[in-house]
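Down below is the structure, laid out as structure tokens.
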Amino acid sequence: MNPKIAIYGTGQYALEAVRIIVDKGWEIVAAYNRAGAKVGRDLGDLAGLAAPLGIIVEDCDTADYSASGANIAIHSVGDRLDYNWPAYERLTGAGINIICHGGESNFPWGSRPELADKLDSMARNAGVTFTGTGIWDSSRIWSGLIAAGTASQLEGLVHRTLTNGEAAGLELLQVCGGTFTPEEFAQRNEGLLAGIYKTVPHQVLWALGLEVIEVVEEREPVFDDKPVFSHALGRDIEPGICLGTRITTRVTTREGINALSINELRVLRPGETEHMVWEVLGRPATKIRVDRTDSLHSSSACMVNRIPDVLQAEPGIQVISKLGPIRPQCIAGVNKNG
């Protein structure tokens with residue numbers, strides 16, 4: 001069965017996915033958003049396409065999901081499983097598979113195990129698949145697994161990343177702690193990126209067959225001693241004002257093969273570029289680096305490229321590390337009942 005795609009949430013990532021899907025000639029059958037100015041508009045107009053798509057954005061709280069004919073939805077609303085839960089219930093209740101861009105969705109058992117069990121059961125009972133993906137798919141999860149796969153003796157892993165915290169504008173920058181004073185960062189630290197990035201090294205070690213026994217995460221603000229220009233603000237961020245967040249995660253396994261992950265999400269200094277590095281401790285010592293130039297497009301492309309895998313997967317939560325490396329897609333012969 002060829003994909004019949006619903007778009008849940010019409011922010012930047014979703015609209016970029018729409019442009020990719022239309023360029024491939026795939027079928028979008030419905031779009032949903034919370035009440036507001038976007039409801040009632042044509043999805044093609046929102047995405048800046050040359051012509052309307054004839055898909056009118058519906059209010060997500062009142063829409064009839066069963067009437068859409070969709071067999072898969074791209075969901076890109078929030079990072080937290082509990083925040084997204086009403087959407088998960090609506091989509092699974094209509095028998096619609098889900099690809100979610102939320103940060104906690106890529107490895108739900110590493111972020112909210114109690115909700116992961118509930119979501120897995122709900123998806124299985126509905127006969128649909130739930131998968132979290134985005135740019136992490138290739139640059140964080142699969143690059144780590146590929147790097148580890150070169151080792152004859154694996155002693156540990158180190159993961160270092162630098163992400164442009166303002167790539168999606170001022171709202172994302174503030175989620176990363178940018179523009180905060182030290183006092184504001186301390187007050188809001190727990191509500192920002194807590195618990196999201198620790199799932200990356202956790203999933204990689206878990207996918208390697210290791211038993212994770214402890215995951216410890218620390219978050220701290222990043223400053224500079226000289227002004228740094230912010231494109232989102234259109235001005236410099238002065239010394240003493242936060243550029244973003246550094247997240248350090250230490251993952252311990254029963255086998256003694258551990259991981260250290262240091263992730264910075266912040267305003268980039270002049271000459272810096274987004275990148276992800278995995279370093280293998282062991283034999284042979286190996287390092288893989290992924291440089292990114294357009295994280296918005298890459299994240300959306302990963303969601304679109306996972307559509308065949310999710311349609312073919314067994315019901316329940318299927319994490320990307322179990323679906324195989326991501327591939328570019330020209331869909332042909334995709335089959336899944338439902």
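In the structure tokens, chains take the letters A, B, ... in the order shown, each chain's residues start at 1, and ligands count up from 1 in the order shown.
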
Using only C-alpha atoms, which protein or nucleic acid residues come within 6 Å of segment 89-101 of chain A? Drop anything in the same chain fewer than 4 positions from it, and give the result as a list of chain:residue names.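 The contact residues come out as A:Tyr65, A:Ser66, A:Asn71, A:Ile72, A:Ala73, A:Ile74, A:His75, A:Ser76, A:Ala126, A:Val128, A:Thr129, A:Phe130, A:Thr131, A:Gly132, A:Thr133, A:Gly134.
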
So that I can see what lies close to Thr161 of chain A, please list as a VMD selection string the residues with an atom at most 12 Å from it, counting only C-alpha atoms and leaving out residues fewer than 5 positions away in the same chain. chain A and resid 136 139 to 140 144 197 200 to 201 245 to 248 260 to 266 272 to 279 288 to 292

So, with only C-alpha atoms as the atoms that count, which of A:Gly240, A:Gly110, A:Gly127, A:Gly282 lies closest to Val216 of chain A?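 Closest to Val216 of chain A of all the choices is A:Gly110.
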
Find the residues near Ala63 of chain A: any atom within 10 Å, counting only C-alpha atoms, skip ones fewer than 2 places away on the same chain, and give them as a compact mmCIF listing (two decimals) with C-alpha atoms, in the first residue's frame.
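As a result, selection-v9.txt now contains:
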```
# COMPACT_ATOMS: atom_id res chain seq x y z
CA ALA A 30 -4.90 15.58 5.48
CA ALA A 31 -3.34 18.24 7.71
CA TYR A 32 -4.06 19.24 11.30
CA ASN A 33 -3.04 22.09 13.56
CA VAL A 57 -5.72 22.44 7.52
CA GLU A 58 -8.21 21.18 10.11
CA ASP A 59 -8.50 21.92 13.81
CA CYS A 60 -6.70 19.03 15.53
CA ASP A 61 -9.18 19.07 18.43
CA TYR A 65 -9.19 11.40 11.76
CA SER A 66 -10.87 8.23 10.52
CA ALA A 67 -12.26 10.12 7.54
CA SER A 68 -8.85 11.17 6.22
CA ARG A 90 -6.15 10.46 18.09
```

Pull the strand (DSSP E) assignments for segment 222-271 of chain A out of DSSP run on the backbone, and list those residues as a ChimeraX atom specification. /A:222,228-230,235-237,244-253,258-266

Tell me which of A:Asn189, A:Thr10, A:Ser111, A:Thr253 sits closest to Gly36 of chain A, counting only C-alpha atoms.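 The answer is A:Thr10, which sits nearest to Gly36 of chain A.
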
Find the residues around Lys287 of chain A up to 12 Å (only C-alpha atoms counted), leave out those fewer than 5 positions away in its own chain, and share them as a list of chain:residue names.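 Non-adjacent residues within range: A:Ser143, A:Gly144, A:Leu145, A:Ile146, A:Ala147, A:Ala148, A:Gly149, A:Thr150, A:Ala151, A:Leu157, A:Val158, A:His159, A:Arg160, A:Met276, A:Val277, A:Trp278, A:Glu279, A:Val280, A:Leu281, A:Gly282.
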
Given the selection you just returned, output its residues as a file containing N, CA and C atoms, formatted as a PDB file, in the first residue's frame.
```pdb
ATOM      1  N   SER A 143      25.272   6.978  13.012  1.00  0.00           N
ATOM      2  CA  SER A 143      26.714   7.220  12.905  1.00  0.00           C
ATOM      3  C   SER A 143      27.453   6.591  14.078  1.00  0.00           C
ATOM      4  N   GLY A 144      26.839   6.600  15.268  1.00  0.00           N
ATOM      5  CA  GLY A 144      27.441   5.945  16.427  1.00  0.00           C
ATOM      6  C   GLY A 144      27.517   4.441  16.267  1.00  0.00           C
ATOM      7  N   LEU A 145      26.460   3.842  15.757  1.00  0.00           N
ATOM      8  CA  LEU A 145      26.443   2.395  15.561  1.00  0.00           C
ATOM      9  C   LEU A 145      27.448   1.962  14.496  1.00  0.00           C
ATOM     10  N   ILE A 146      27.553   2.754  13.433  1.00  0.00           N
ATOM     11  CA  ILE A 146      28.504   2.420  12.370  1.00  0.00           C
ATOM     12  C   ILE A 146      29.934   2.542  12.880  1.00  0.00           C
ATOM     13  N   ALA A 147      30.202   3.602  13.674  1.00  0.00           N
ATOM     14  CA  ALA A 147      31.544   3.763  14.231  1.00  0.00           C
ATOM     15  C   ALA A 147      31.902   2.588  15.131  1.00  0.00           C
ATOM     16  N   ALA A 148      30.964   2.185  15.995  1.00  0.00           N
ATOM     17  CA  ALA A 148      31.223   1.069  16.904  1.00  0.00           C
ATOM     18  C   ALA A 148      31.422  -0.233  16.152  1.00  0.00           C
ATOM     19  N   GLY A 149      30.777  -0.339  15.000  1.00  0.00           N
ATOM     20  CA  GLY A 149      30.863  -1.568  14.224  1.00  0.00           C
ATOM     21  C   GLY A 149      32.240  -1.836  13.657  1.00  0.00           C
ATOM     22  N   THR A 150      33.135  -0.854  13.701  1.00  0.00           N
ATOM     23  CA  THR A 150      34.491  -1.057  13.179  1.00  0.00           C
ATOM     24  C   THR A 150      35.423  -1.693  14.211  1.00  0.00           C
ATOM     25  N   ALA A 151      34.970  -1.797  15.467  1.00  0.00           N
ATOM     26  CA  ALA A 151      35.874  -2.216  16.548  1.00  0.00           C
ATOM     27  C   ALA A 151      35.937  -3.730  16.689  1.00  0.00           C
ATOM     28  N   LEU A 157      32.722   4.666  24.176  1.00  0.00           N
ATOM     29  CA  LEU A 157      32.380   5.594  23.112  1.00  0.00           C
ATOM     30  C   LEU A 157      32.354   7.010  23.662  1.00  0.00           C
ATOM     31  N   VAL A 158      32.770   7.961  22.836  1.00  0.00           N
ATOM     32  CA  VAL A 158      32.656   9.381  23.164  1.00  0.00           C
ATOM     33  C   VAL A 158      31.915  10.073  22.024  1.00  0.00           C
ATOM     34  N   HIS A 159      30.906  10.850  22.398  1.00  0.00           N
ATOM     35  CA  HIS A 159      30.054  11.540  21.426  1.00  0.00           C
ATOM     36  C   HIS A 159      30.118  13.038  21.710  1.00  0.00           C
ATOM     37  N   ARG A 160      30.527  13.831  20.721  1.00  0.00           N
ATOM     38  CA  ARG A 160      30.590  15.283  20.882  1.00  0.00           C
ATOM     39  C   ARG A 160      29.821  15.931  19.739  1.00  0.00           C
ATOM     40  N   MET A 276      28.696  16.497  14.316  1.00  0.00           N
ATOM     41  CA  MET A 276      28.517  15.389  15.251  1.00  0.00           C
ATOM     42  C   MET A 276      29.730  14.485  15.131  1.00  0.00           C
ATOM     43  N   VAL A 277      30.323  14.107  16.246  1.00  0.00           N
ATOM     44  CA  VAL A 277      31.497  13.236  16.236  1.00  0.00           C
ATOM     45  C   VAL A 277      31.247  12.051  17.164  1.00  0.00           C
ATOM     46  N   TRP A 278      31.558  10.851  16.681  1.00  0.00           N
ATOM     47  CA  TRP A 278      31.612   9.655  17.515  1.00  0.00           C
ATOM     48  C   TRP A 278      33.042   9.137  17.497  1.00  0.00           C
ATOM     49  N   GLU A 279      33.588   8.908  18.675  1.00  0.00           N
ATOM     50  CA  GLU A 279      34.943   8.377  18.804  1.00  0.00           C
ATOM     51  C   GLU A 279      34.890   7.018  19.493  1.00  0.00           C
ATOM     52  N   VAL A 280      35.490   6.035  18.871  1.00  0.00           N
ATOM     53  CA  VAL A 280      35.542   4.683  19.426  1.00  0.00           C
ATOM     54  C   VAL A 280      36.788   4.535  20.277  1.00  0.00           C
ATOM     55  N   LEU A 281      36.589   4.147  21.518  1.00  0.00           N
ATOM     56  CA  LEU A 281      37.711   3.805  22.387  1.00  0.00           C
ATOM     57  C   LEU A 281      37.891   2.298  22.331  1.00  0.00           C
ATOM     58  N   GLY A 282      39.028   1.869  21.859  1.00  0.00           N
ATOM     59  CA  GLY A 282      39.256   0.438  21.693  1.00  0.00           C
ATOM     60  C   GLY A 282      40.174   0.195  20.524  1.00  0.00           C
TER      61      GLY A 282
END
```

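Minimum atom-to-atom distances from A:Val267, A:Arg41, A:Cys242, A:Ser105 to Glu183 of chain A were compared using only C-alpha atoms, and the lowest value belongs to A:Cys242.
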
From a DSSP pass on the backbone, collect the residues of segment 66-264 of chain A flagged as helix (DSSP H, G or I) and hand them back as a PyMOL selection string. chain A and resi 66-67+81-93+103-105+108-111+113-126+136-148+170-175+182-191+199-207

Give the answer as one residue: which of A:Asp117, A:Val18, A:Glu211, A:Val175 has the shortest atom-to-atom distance to Asp79 of chain A, using only C-alpha atoms?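 Nearest candidate to Asp79 of chain A out of A:Asp117, A:Val18, A:Glu211, A:Val175: A:Val175.
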
9 Å contact set for Leu210 of chain A, only C-alpha atoms, chain neighbours under 6 positions out, as a JSON list (two decimals) with N, CA and C atoms, in the first residue's frame:
```
[["chain", "number", "residue", "atom", "x", "y", "z"],
["A", 253, "THR", "N", 27.29, 0.77, 31.55],
["A", 253, "THR", "CA", 26.70, -0.53, 31.27],
["A", 253, "THR", "C", 27.26, -1.58, 32.23],
["A", 254, "ARG", "N", 26.52, -2.65, 32.37],
["A", 254, "ARG", "CA", 26.97, -3.74, 33.24],
["A", 254, "ARG", "C", 28.25, -4.38, 32.70],
["A", 255, "GLU", "N", 28.44, -4.30, 31.40],
["A", 255, "GLU", "CA", 29.62, -4.92, 30.79],
["A", 255, "GLU", "C", 30.86, -4.04, 30.93],
["A", 257, "ILE", "N", 31.40, -1.22, 29.28],
["A", 257, "ILE", "CA", 31.62, -0.45, 28.05],
["A", 257, "ILE", "C", 30.71, 0.77, 28.14]]
```
